[in-house]
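coords.tsv (TSV, C-alpha atoms)
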```
chain	number	residue	atom	x	y	z
I	1	MET	CA	-6.43	9.36	27.34
I	2	GLU	CA	-10.21	8.91	27.35
I	3	GLU	CA	-10.68	12.55	26.36
I	4	ASN	CA	-8.25	12.09	23.45
I	5	PHE	CA	-10.24	9.12	22.20
I	6	ARG	CA	-13.49	11.06	22.55
I	7	ASN	CA	-12.08	13.99	20.56
I	8	LEU	CA	-10.80	11.59	17.91
I	9	ILE	CA	-14.25	10.03	17.53
I	10	GLU	CA	-15.90	13.44	17.22
I	11	VAL	CA	-13.38	14.58	14.60
I	12	TRP	CA	-13.91	11.49	12.47
I	13	ILE	CA	-17.69	11.61	12.78
I	14	SER	CA	-17.48	15.15	11.38
I	15	ALA	CA	-15.21	13.90	8.60
I	16	LEU	CA	-17.57	11.05	7.69
I	17	ILE	CA	-20.57	13.39	7.54
I	18	SER	CA	-18.58	15.81	5.36
I	19	LEU	CA	-17.50	13.09	2.93
I	20	SER	CA	-21.09	11.83	2.75
I	21	TYR	CA	-22.11	15.33	1.66
I	22	CYS	CA	-19.46	15.26	-1.06
I	23	TYR	CA	-20.68	11.85	-2.23
I	24	TYR	CA	-24.40	12.56	-2.30
I	25	ILE	CA	-24.49	16.28	-3.16
I	26	SER	CA	-21.23	17.56	-4.64
I	27	SER	CA	-21.00	14.61	-7.02
I	28	LYS	CA	-24.36	15.58	-8.54
I	29	LEU	CA	-23.01	18.98	-9.60
I	30	SER	CA	-21.24	19.48	-12.89
I	31	LYS	CA	-17.48	19.18	-12.72
I	32	GLY	CA	-15.41	22.33	-12.53
I	33	VAL	CA	-15.91	25.56	-10.62
I	34	LEU	CA	-19.41	24.76	-9.33
I	35	ARG	CA	-18.39	21.44	-7.79
I	36	LEU	CA	-15.17	23.00	-6.49
I	37	LEU	CA	-17.14	25.72	-4.68
I	38	SER	CA	-19.32	23.07	-3.06
I	39	ILE	CA	-16.23	21.17	-1.86
I	40	LEU	CA	-14.17	24.13	-0.58
I	41	PRO	CA	-16.04	24.40	2.78
I	42	ILE	CA	-15.22	20.73	3.41
I	43	CYS	CA	-11.56	21.36	2.58
I	44	ILE	CA	-11.48	24.24	5.05
I	45	LEU	CA	-13.12	22.05	7.70
I	46	PHE	CA	-10.51	19.34	7.13
I	47	PHE	CA	-7.78	21.92	7.79
I	48	VAL	CA	-9.48	22.83	11.08
I	49	LEU	CA	-10.38	19.40	12.48
I	50	PRO	CA	-6.84	18.34	13.56
I	51	LEU	CA	-6.70	21.40	15.82
I	52	PHE	CA	-9.20	19.66	18.12
I	53	LEU	CA	-6.71	16.84	18.81
I	54	SER	CA	-3.90	17.16	21.34
I	55	CYS	CA	-2.52	13.61	21.16
I	56	VAL	CA	0.51	13.69	18.85
I	57	HIS	CA	-0.32	10.38	17.15
I	58	PHE	CA	-4.02	11.10	16.66
I	59	CYS	CA	-3.28	14.63	15.44
I	60	ALA	CA	-0.55	13.67	12.97
I	61	ILE	CA	-2.44	10.73	11.47
I	62	SER	CA	-5.73	12.65	11.18
I	63	ALA	CA	-3.94	15.61	9.61
I	64	LEU	CA	-2.27	13.33	7.06
I	65	PHE	CA	-5.54	11.61	6.17
I	66	LEU	CA	-7.84	14.65	6.17
I	67	SER	CA	-5.86	17.88	5.70
I	68	TRP	CA	-3.53	16.39	3.10
I	69	LEU	CA	-4.83	13.28	1.35
I	70	ALA	CA	-8.57	13.97	1.51
I	71	ASN	CA	-8.26	17.62	0.53
I	72	PHE	CA	-5.99	16.91	-2.43
I	73	LYS	CA	-8.19	14.04	-3.65
I	74	LEU	CA	-11.32	16.17	-3.30
I	75	LEU	CA	-9.71	18.93	-5.38
I	76	LEU	CA	-9.04	16.36	-8.11
I	77	PHE	CA	-12.58	15.03	-7.71
I	78	ALA	CA	-13.95	18.51	-8.41
I	79	PHE	CA	-12.61	18.17	-11.97
I	80	ASP	CA	-13.36	14.43	-12.45
I	81	GLU	CA	-9.75	13.45	-11.85
I	82	GLY	CA	-7.93	11.25	-9.39
I	83	PRO	CA	-8.91	8.11	-7.44
I	84	LEU	CA	-12.48	9.34	-6.74
I	85	PHE	CA	-13.35	9.35	-10.44
I	86	PRO	CA	-15.34	7.57	-11.66
I	87	LEU	CA	-17.56	7.87	-8.60
I	88	PRO	CA	-17.34	4.65	-6.51
I	89	PRO	CA	-20.65	2.73	-6.43
I	90	LYS	CA	-20.79	2.76	-2.60
I	91	LEU	CA	-20.32	5.48	0.00
I	92	SER	CA	-17.98	3.24	2.01
I	93	ARG	CA	-15.58	3.00	-0.94
I	94	PHE	CA	-15.75	6.72	-1.57
I	95	ILE	CA	-14.84	7.46	2.06
I	96	CYS	CA	-11.97	4.96	2.08
I	97	PHE	CA	-10.52	6.19	-1.22
I	98	ALA	CA	-10.95	9.84	-0.19
I	99	CYS	CA	-9.17	9.98	3.14
I	100	LEU	CA	-7.07	6.82	3.45
I	101	PRO	CA	-3.69	6.16	1.80
I	102	ILE	CA	-4.92	3.23	-0.24
I	103	LYS	CA	-4.89	2.18	-3.86
I	104	ILE	CA	-6.45	-0.99	-5.24
I	105	ARG	CA	-3.89	-3.44	-6.54
I	106	HIS	CA	-4.74	-4.72	-10.04
I	107	ASN	CA	-3.14	-7.95	-11.15
I	108	PRO	CA	-1.25	-7.40	-14.43
I	109	SER	CA	-2.01	-9.47	-17.47
I	110	PRO	CA	0.26	-12.53	-17.70
I	111	ASN	CA	1.18	-11.47	-21.24
I	112	ALA	CA	2.10	-7.91	-20.22
I	113	ILE	CA	5.72	-6.85	-20.35
I	114	THR	CA	6.66	-5.21	-17.04
I	115	ASN	CA	9.38	-2.60	-16.74
I	116	LEU	CA	11.41	-3.45	-13.65
I	117	HIS	CA	11.70	0.23	-12.71
I	118	LEU	CA	7.93	0.72	-12.97
I	119	ARG	CA	6.93	-2.56	-11.35
I	120	LYS	CA	4.46	-2.10	-8.54
I	121	PRO	CA	5.64	-2.93	-5.03
I	122	GLU	CA	4.88	-6.39	-3.73
I	123	PRO	CA	2.97	-6.87	-0.46
I	124	MET	CA	5.21	-7.10	2.58
I	125	PRO	CA	6.09	-10.73	3.44
I	126	LYS	CA	4.62	-11.84	6.75
I	127	TRP	CA	8.02	-12.60	8.25
I	128	VAL	CA	9.23	-9.06	7.43
I	129	LEU	CA	6.09	-7.63	9.05
I	130	ALA	CA	6.68	-9.78	12.14
I	131	VAL	CA	10.30	-8.61	12.39
I	132	LYS	CA	9.27	-4.95	12.15
I	133	ILE	CA	6.61	-5.38	14.83
I	134	LEU	CA	9.20	-7.08	17.05
I	135	VAL	CA	11.74	-4.29	16.48
I	136	LEU	CA	9.14	-1.64	17.33
I	137	GLY	CA	8.24	-3.53	20.51
I	138	VAL	CA	11.91	-3.70	21.49
I	139	LEU	CA	12.23	0.05	20.84
I	140	LEU	CA	9.34	0.82	23.16
I	141	HIS	CA	11.02	-1.18	25.93
I	142	VAL	CA	14.39	0.49	25.30
I	143	TYR	CA	12.72	3.90	25.68
I	144	GLU	CA	12.15	3.11	29.36
I	145	TYR	CA	15.95	3.41	29.81
I	146	ARG	CA	16.45	6.40	27.51
I	147	ASP	CA	17.64	8.68	30.33
I	148	GLY	CA	20.84	6.65	30.52
I	149	LEU	CA	21.45	6.61	26.77
I	150	PRO	CA	23.46	9.18	24.76
I	151	ARG	CA	21.31	11.75	22.97
I	152	PHE	CA	22.41	10.65	19.48
I	153	VAL	CA	21.37	7.05	20.26
I	154	VAL	CA	17.90	8.20	21.37
I	155	LEU	CA	17.67	10.31	18.19
I	156	ALA	CA	18.63	7.33	16.00
I	157	LEU	CA	16.11	5.11	17.78
I	158	TYR	CA	13.39	7.73	17.32
I	159	CYS	CA	14.10	8.02	13.58
I	160	LEU	CA	13.71	4.25	13.30
I	161	HIS	CA	10.59	4.49	15.46
I	162	ILE	CA	9.00	7.08	13.13
I	163	TYR	CA	9.53	4.91	10.06
I	164	LEU	CA	8.33	1.69	11.68
I	165	GLU	CA	5.28	3.24	13.33
I	166	VAL	CA	4.12	5.09	10.21
I	167	GLU	CA	4.58	2.01	8.04
I	168	LEU	CA	2.87	-0.36	10.49
I	169	VAL	CA	-0.07	2.01	10.99
I	170	LEU	CA	-0.56	2.24	7.23
I	171	VAL	CA	-0.19	-1.54	6.86
I	172	PHE	CA	-2.89	-2.00	9.52
I	173	VAL	CA	-5.17	0.51	7.79
I	174	GLY	CA	-4.61	-1.22	4.45
I	175	ALA	CA	-5.36	-4.64	5.95
I	176	VAL	CA	-8.62	-3.43	7.52
I	177	VAL	CA	-9.75	-1.70	4.32
I	178	SER	CA	-8.76	-4.70	2.21
I	179	THR	CA	-10.91	-6.94	4.41
I	180	LEU	CA	-13.88	-4.56	4.42
I	181	LEU	CA	-13.83	-3.86	0.67
I	182	GLY	CA	-12.78	-7.35	-0.40
I	183	CYS	CA	-9.87	-6.19	-2.58
I	184	ASN	CA	-6.09	-6.17	-2.57
I	185	ILE	CA	-4.40	-2.91	-1.54
I	186	GLU	CA	-1.00	-1.76	-2.77
I	187	PRO	CA	1.58	-1.24	0.01
I	188	VAL	CA	2.33	2.39	0.85
I	189	PHE	CA	6.02	1.77	1.58
I	190	ASN	CA	8.34	-0.32	-0.56
I	191	GLU	CA	11.38	-1.01	1.64
I	192	PRO	CA	12.85	2.53	1.43
I	193	TYR	CA	16.12	1.39	3.01
I	194	LEU	CA	16.81	-0.51	-0.24
I	195	ALA	CA	16.64	2.66	-2.38
I	196	THR	CA	19.40	3.03	-4.96
I	197	SER	CA	18.98	6.78	-5.58
I	198	LEU	CA	16.99	9.80	-4.45
I	199	GLN	CA	14.58	9.35	-7.36
I	200	ASP	CA	14.10	5.71	-6.37
I	201	PHE	CA	13.61	6.67	-2.71
I	202	TRP	CA	11.01	9.41	-3.22
I	203	SER	CA	9.07	8.14	-6.24
I	204	ARG	CA	9.11	4.35	-5.83
I	205	ARG	CA	9.72	3.53	-2.16
I	206	TRP	CA	8.73	6.22	0.38
I	207	ASN	CA	5.05	6.97	1.14
I	208	LEU	CA	3.86	6.07	-2.35
I	209	MET	CA	0.28	7.30	-1.85
I	210	VAL	CA	1.45	10.84	-1.05
I	211	SER	CA	3.78	10.70	-4.06
I	212	ALA	CA	0.88	9.66	-6.30
I	213	VAL	CA	-1.36	12.46	-5.01
I	214	LEU	CA	1.38	15.08	-5.47
I	215	ARG	CA	2.07	13.76	-8.95
I	216	SER	CA	-1.57	14.23	-9.98
I	217	THR	CA	-2.26	17.55	-8.23
I	218	VAL	CA	1.08	19.35	-8.59
I	219	HIS	CA	3.76	17.72	-10.72
I	220	ILE	CA	1.79	16.94	-13.89
I	221	PRO	CA	-0.13	20.29	-14.08
I	222	VAL	CA	3.04	22.32	-13.44
I	223	GLN	CA	5.05	20.31	-15.96
I	224	ARG	CA	2.32	20.73	-18.60
I	225	PHE	CA	2.23	24.49	-18.03
I	226	PHE	CA	6.01	24.97	-18.26
I	227	LYS	CA	6.34	22.77	-21.35
I	228	ARG	CA	5.07	25.77	-23.33
I	229	LEU	CA	7.77	28.00	-21.85
I	230	LEU	CA	10.77	25.76	-21.18
I	231	SER	CA	12.59	22.78	-22.59
I	232	PRO	CA	11.40	19.27	-21.59
I	233	ASN	CA	14.14	19.09	-18.95
I	234	GLY	CA	13.22	22.55	-17.66
I	235	ALA	CA	9.54	21.60	-17.41
I	236	MET	CA	10.49	18.41	-15.59
I	237	PHE	CA	12.64	20.38	-13.15
I	238	ALA	CA	9.77	22.82	-12.50
I	239	GLY	CA	7.33	19.96	-11.84
I	240	VAL	CA	9.68	18.19	-9.44
I	241	MET	CA	10.51	21.40	-7.56
I	242	ALA	CA	6.83	22.34	-7.26
I	243	SER	CA	5.96	18.88	-5.88
I	244	PHE	CA	8.69	18.98	-3.26
I	245	PHE	CA	7.84	22.57	-2.33
I	246	VAL	CA	4.17	21.70	-1.76
I	247	SER	CA	5.24	18.63	0.20
I	248	GLY	CA	7.38	20.90	2.38
I	249	LEU	CA	4.44	23.23	3.02
I	250	MET	CA	2.20	20.32	3.97
I	251	HIS	CA	4.83	18.98	6.36
I	252	GLU	CA	5.06	22.46	7.92
I	253	LEU	CA	1.31	22.23	8.44
I	254	LEU	CA	1.63	18.78	10.04
I	255	TYR	CA	4.31	20.17	12.35
I	256	PHE	CA	2.08	23.11	13.24
I	257	TYR	CA	-0.71	20.74	14.25
I	258	MET	CA	1.68	18.87	16.56
I	259	ILE	CA	3.66	21.86	17.91
I	260	ARG	CA	1.10	24.70	17.70
I	261	LYS	CA	3.86	27.22	16.99
I	262	PRO	CA	4.64	29.32	13.86
I	263	PRO	CA	6.72	27.46	11.26
I	264	THR	CA	10.48	27.90	11.06
I	265	TRP	CA	10.55	26.71	7.39
I	266	GLU	CA	13.33	24.22	8.07
I	267	VAL	CA	11.15	21.36	6.83
I	268	THR	CA	10.32	23.29	3.66
I	269	CYS	CA	14.05	23.84	3.10
I	270	PHE	CA	14.59	20.09	3.55
I	271	PHE	CA	12.13	19.26	0.77
I	272	VAL	CA	13.28	22.05	-1.53
I	273	LEU	CA	16.84	20.78	-1.15
I	274	HIS	CA	15.75	17.25	-1.94
I	275	GLY	CA	13.69	18.50	-4.86
I	276	ALA	CA	16.71	20.23	-6.36
I	277	ALA	CA	18.92	17.20	-5.74
I	278	THR	CA	16.38	14.76	-7.19
I	279	ALA	CA	15.70	16.93	-10.26
I	280	THR	CA	19.46	17.29	-10.84
I	281	GLU	CA	19.88	13.53	-10.51
I	282	ILE	CA	17.12	12.91	-13.09
I	283	GLY	CA	18.66	15.46	-15.45
I	284	VAL	CA	22.12	13.89	-15.17
I	285	LYS	CA	20.68	10.43	-15.83
I	286	ARG	CA	19.21	11.71	-19.09
I	287	THR	CA	22.62	12.75	-20.44
I	288	GLN	CA	24.51	10.49	-22.85
I	289	TRP	CA	27.64	10.26	-20.71
I	290	TRP	CA	25.86	9.01	-17.58
I	291	ARG	CA	27.08	5.65	-16.30
I	292	PRO	CA	25.21	4.32	-13.26
I	293	PRO	CA	27.42	3.42	-10.27
I	294	HIS	CA	27.04	0.16	-8.39
I	295	ARG	CA	23.71	-0.13	-6.56
I	296	ALA	CA	25.44	-0.44	-3.19
I	297	VAL	CA	27.41	2.77	-3.74
I	298	SER	CA	24.48	4.84	-5.04
I	299	GLY	CA	22.15	3.42	-2.37
I	300	LEU	CA	24.54	4.25	0.45
I	301	ALA	CA	25.03	7.77	-0.94
I	302	ALA	CA	21.26	8.36	-1.22
I	303	LEU	CA	20.47	7.10	2.29
I	304	THR	CA	23.37	9.07	3.75
I	305	PHE	CA	22.09	12.24	2.08
I	306	VAL	CA	18.57	11.61	3.40
I	307	SER	CA	19.84	10.90	6.92
I	308	VAL	CA	22.22	13.85	7.18
I	309	THR	CA	19.79	16.40	5.76
I	310	GLY	CA	17.01	14.91	7.88
I	311	VAL	CA	18.96	15.47	11.10
I	312	TRP	CA	19.95	18.93	9.88
I	313	LEU	CA	16.57	20.22	8.68
I	314	PHE	CA	13.72	17.74	9.23
I	315	LEU	CA	14.02	16.87	12.93
I	316	PRO	CA	15.11	20.10	14.72
I	317	GLN	CA	11.54	21.39	15.18
I	318	VAL	CA	10.52	18.06	16.69
I	319	LEU	CA	13.49	18.02	19.07
I	320	ARG	CA	13.29	21.68	20.12
I	321	ASN	CA	9.65	21.31	21.09
I	322	ASN	CA	10.04	17.87	22.69
I	323	VAL	CA	7.46	16.35	20.36
I	324	HIS	CA	9.49	13.13	20.36
I	325	GLU	CA	9.29	12.95	24.16
I	326	LYS	CA	5.54	13.43	24.03
I	327	ALA	CA	5.17	10.79	21.33
I	328	ILE	CA	7.36	8.34	23.27
I	329	SER	CA	5.31	8.98	26.42
I	330	GLU	CA	2.09	8.25	24.52
I	331	CYS	CA	3.53	4.97	23.23
I	332	LEU	CA	4.69	3.95	26.71
I	333	LEU	CA	1.27	4.86	28.11
I	334	VAL	CA	-0.47	2.64	25.55
I	335	LEU	CA	2.05	-0.14	26.24
I	336	ASP	CA	1.36	0.16	29.96
I	337	LEU	CA	-2.40	0.01	29.37
I	338	VAL	CA	-1.97	-3.12	27.24
I	339	LYS	CA	0.15	-4.74	29.94
I	340	ARG	CA	-2.45	-3.94	32.61
I	341	LYS	CA	-5.22	-5.31	30.41
I	342	LEU	CA	-3.34	-8.54	29.81
I	343	PHE	CA	-2.46	-8.84	33.50
I	344	THR	CA	-6.04	-8.34	34.69
I	345	SER	CA	-7.46	-10.72	32.08
I	346	SER	CA	-5.03	-13.45	33.10
```
Could the structure of this file be written out as structure tokens, please?
Amino acid sequence: MEENFRNLIEVWISALISLSYCYYISSKLSKGVLRLLSILPICILFFVLPLFLSCVHFCAISALFLSWLANFKLLLFAFDEGPLFPLPPKLSRFICFACLPIKIRHNPSPNAITNLHLRKPEPMPKWVLAVKILVLGVLLHVYEYRDGLPRFVVLALYCLHIYLEVELVLVFVGAVVSTLLGCNIEPVFNEPYLATSLQDFWSRRWNLMVSAVLRSTVHIPVQRFFKRLLSPNGAMFAGVMASFFVSGLMHELLYFYMIRKPPTWEVTCFFVLHGAATATEIGVKRTQWWRPPHRAVSGLAALTFVSVTGVWLFLPQVLRNNVHEKAISECLLVLDLVKRKLFTSS
């Protein structure tokens, strides 16, 4: 475990030096091709850095932060777009905004009229956070008896584990950054289990920072391009499909970092399928004869579709290569270290 921590430190020192170069040198170049050329070596480096990590958790999180978020934000920065423009006044802010899934929360004007569908997610209540931490702790203890549990139960527990761990890690990152920068950070997840449709799930509840980055880098440019060739609905469909396709490719890359085997494209198929379903849902909602079903019915249908297709296409690579077993073992190892530390200190 010590070697994994040492590799993690080396990877992030390289990342910090690279982002400092972008802040002090690339930002001084004129926007466009020249600045893009100065940033491309950093983007390539960020694709390489996760390969130096063998720990599943360190590899996946670093790949998400560097290979995906940082690279996409730097590409926007090359053209004076995205969260890095205008240039933050301090290097620390530039680094945080570049590679972390954070967005400053601005308090709306009291006189502003807020659309309920566009309302920004509220911070997670402390009691909800405490419950989720407790549930994750219980899961880690249950894993110790997983050999006696049916396979589908272990699979269900691991799906819950993935959601809780990703959300809690991002909540922790947001809390640290909020303290360091002295600002309020928008939550990355917005209770996805309360989604009422696929559009609601993907655009307003699940991993909102990734959705925002994909919207700026893929959806909007593609939709603008196809508006000249297609109808508004056709351009919308093209933008949605392009966003989900790119998301699928990036998830294939994340899987490659964890598995170190050629992609099987199942994850890409998962996101293409969801892109088509979401775009169809949006198109149907725009018709005059659409009548929304009850929230409970549409929510259950959306979550069932996500769950079934997830088991069918999203998880097989993880299960075939025993990534879940490795991830569980890492969690149990950390839990054991914490127990030993507490025992020796007492």
Here atom CA of Ser54 of chain I and atom CA of Glu325 of chain I stand apart by 14.1 Å
I want to know what sits within 6 Å of segment 194-197 of chain I, based on all atoms listed in the file, with residues of the same chain fewer than 3 positions away left out; could you give that as a PDB file with C-alpha atoms, in the frame of the given file?
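out08.pdb, freshly written:
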```pdb
ATOM      1  CA  GLU I 191      11.380  -1.010   1.640  1.00  0.00           C
ATOM      2  CA  ASP I 200      14.100   5.710  -6.370  1.00  0.00           C
ATOM      3  CA  PHE I 201      13.610   6.670  -2.710  1.00  0.00           C
ATOM      4  CA  ARG I 295      23.710  -0.130  -6.560  1.00  0.00           C
ATOM      5  CA  SER I 298      24.480   4.840  -5.040  1.00  0.00           C
ATOM      6  CA  GLY I 299      22.150   3.420  -2.370  1.00  0.00           C
ATOM      7  CA  ALA I 302      21.260   8.360  -1.220  1.00  0.00           C
TER       8      ALA I 302
END
```
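Relative to atom CA of Pro121 of chain I, atom CA of Pro221 of chain I is found at 25.6 Å.
From atom CA of Cys43 of chain I back to atom CA of Asn71 of chain I, the distance works out to 5.4 Å.
Closest approach to Ile25 of chain I among I:Ala301, I:Leu84, I:Leu76, I:Ile39 is made by I:Ile39 (distances from only C-alpha atoms).
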Using all atoms listed in the file, find all polymer residues with an atom at most 10 Å away from the point (9.9, 1.5, 23.1); report them as a PDB file with C-alpha atoms, keeping the file's coordinate frame.
```pdb
ATOM      1  CA  VAL I 135      11.740  -4.290  16.480  1.00  0.00           C
ATOM      2  CA  LEU I 136       9.140  -1.640  17.330  1.00  0.00           C
ATOM      3  CA  GLY I 137       8.240  -3.530  20.510  1.00  0.00           C
ATOM      4  CA  VAL I 138      11.910  -3.700  21.490  1.00  0.00           C
ATOM      5  CA  LEU I 139      12.230   0.050  20.840  1.00  0.00           C
ATOM      6  CA  LEU I 140       9.340   0.820  23.160  1.00  0.00           C
ATOM      7  CA  HIS I 141      11.020  -1.180  25.930  1.00  0.00           C
ATOM      8  CA  VAL I 142      14.390   0.490  25.300  1.00  0.00           C
ATOM      9  CA  TYR I 143      12.720   3.900  25.680  1.00  0.00           C
ATOM     10  CA  GLU I 144      12.150   3.110  29.360  1.00  0.00           C
ATOM     11  CA  TYR I 145      15.950   3.410  29.810  1.00  0.00           C
ATOM     12  CA  ARG I 146      16.450   6.400  27.510  1.00  0.00           C
ATOM     13  CA  LEU I 157      16.110   5.110  17.780  1.00  0.00           C
ATOM     14  CA  TYR I 158      13.390   7.730  17.320  1.00  0.00           C
ATOM     15  CA  HIS I 161      10.590   4.490  15.460  1.00  0.00           C
ATOM     16  CA  ILE I 328       7.360   8.340  23.270  1.00  0.00           C
ATOM     17  CA  SER I 329       5.310   8.980  26.420  1.00  0.00           C
ATOM     18  CA  CYS I 331       3.530   4.970  23.230  1.00  0.00           C
ATOM     19  CA  LEU I 332       4.690   3.950  26.710  1.00  0.00           C
ATOM     20  CA  LEU I 335       2.050  -0.140  26.240  1.00  0.00           C
TER      21      LEU I 335
END
```
Could you check which of I:Ile259, I:Leu100, I:Ile185, I:Ile162 is closest to Glu122 of chain I, using only C-alpha atoms? I:Ile185
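When all atoms listed in the file are used to measure the gap to Glu165 of chain I, the shortest distance among I:Leu74, I:Leu253, I:Ala60, I:Leu49 belongs to I:Ala60.
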Which residues, written as an MDAnalysis selection string, have at least one atom at most 12 Å from Val188 of chain I, with all atoms listed in the file counted and residues fewer than 2 positions away on the same chain left out? chainID I and resid 100:105 120:124 163 166:175 185:186 190:192 202:212
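Residues in contact range of Phe65 of chain I, defined as at most 7 Å between only C-alpha atoms, with sequence neighbours fewer than 4 positions away removed, read Ile61, Leu69, Ala70, Cys99 and Leu100 of chain I.
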Find the residues near Phe237 of chain I: any atom within 8 Å, counting all atoms listed in the file, skip ones fewer than 6 places away on the same chain, and give them as number ranges by chain. I: 276, 279-280
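Closest approach to Phe256 of chain I among I:Leu16, I:Cys159, I:Leu333, I:Val318: I:Val318, based on all atoms listed in the file.
Residue nearest Ile220 of chain I, chosen from I:Ser243, I:Gln288, I:Ser62, I:Ser27 and counting all atoms listed in the file: I:Ser243.
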Would you mind completing segment 25-38 of chain I so that it carries N, CA, C and O atoms, and writing it out as a CSV table (one decimal), in the coordinates of the input?
```csv
chain,number,residue,atom,x,y,z
I,25,ILE,N,-24.1,15.0,-2.6
I,25,ILE,CA,-24.5,16.3,-3.2
I,25,ILE,C,-23.5,16.8,-4.2
I,25,ILE,O,-23.8,17.2,-5.3
I,26,SER,N,-22.2,17.0,-3.7
I,26,SER,CA,-21.2,17.6,-4.6
I,26,SER,C,-21.1,16.8,-5.9
I,26,SER,O,-20.9,17.3,-7.0
I,27,SER,N,-21.2,15.4,-5.8
I,27,SER,CA,-21.0,14.6,-7.0
I,27,SER,C,-22.1,14.8,-8.1
I,27,SER,O,-21.9,14.5,-9.2
I,28,LYS,N,-23.2,15.3,-7.6
I,28,LYS,CA,-24.4,15.6,-8.5
I,28,LYS,C,-24.2,16.9,-9.3
I,28,LYS,O,-24.9,17.1,-10.3
I,29,LEU,N,-23.3,17.7,-8.9
I,29,LEU,CA,-23.0,19.0,-9.6
I,29,LEU,C,-22.1,18.8,-10.8
I,29,LEU,O,-21.2,17.8,-10.7
I,30,SER,N,-22.1,19.6,-11.7
I,30,SER,CA,-21.2,19.5,-12.9
I,30,SER,C,-19.8,19.8,-12.5
I,30,SER,O,-19.5,20.6,-11.6
I,31,LYS,N,-18.9,19.0,-13.1
I,31,LYS,CA,-17.5,19.2,-12.7
I,31,LYS,C,-17.0,20.6,-13.0
I,31,LYS,O,-17.5,21.3,-13.9
I,32,GLY,N,-16.0,21.0,-12.3
I,32,GLY,CA,-15.4,22.3,-12.5
I,32,GLY,C,-15.6,23.3,-11.4
I,32,GLY,O,-15.7,22.8,-10.2
I,33,VAL,N,-15.8,24.5,-11.7
I,33,VAL,CA,-15.9,25.6,-10.6
I,33,VAL,C,-17.1,25.3,-9.7
I,33,VAL,O,-16.9,25.5,-8.5
I,34,LEU,N,-18.2,24.9,-10.2
I,34,LEU,CA,-19.4,24.8,-9.3
I,34,LEU,C,-19.2,23.7,-8.3
I,34,LEU,O,-19.4,23.8,-7.1
I,35,ARG,N,-18.7,22.5,-8.7
I,35,ARG,CA,-18.4,21.4,-7.8
I,35,ARG,C,-17.3,21.8,-6.8
I,35,ARG,O,-17.3,21.5,-5.7
I,36,LEU,N,-16.3,22.5,-7.3
I,36,LEU,CA,-15.2,23.0,-6.5
I,36,LEU,C,-15.7,23.9,-5.4
I,36,LEU,O,-15.3,23.8,-4.2
I,37,LEU,N,-16.6,24.8,-5.7
I,37,LEU,CA,-17.1,25.7,-4.7
I,37,LEU,C,-17.9,24.9,-3.6
I,37,LEU,O,-17.9,25.3,-2.4
I,38,SER,N,-18.6,23.9,-4.0
I,38,SER,CA,-19.3,23.1,-3.1
I,38,SER,C,-18.4,22.3,-2.1
I,38,SER,O,-18.8,21.9,-1.0
```
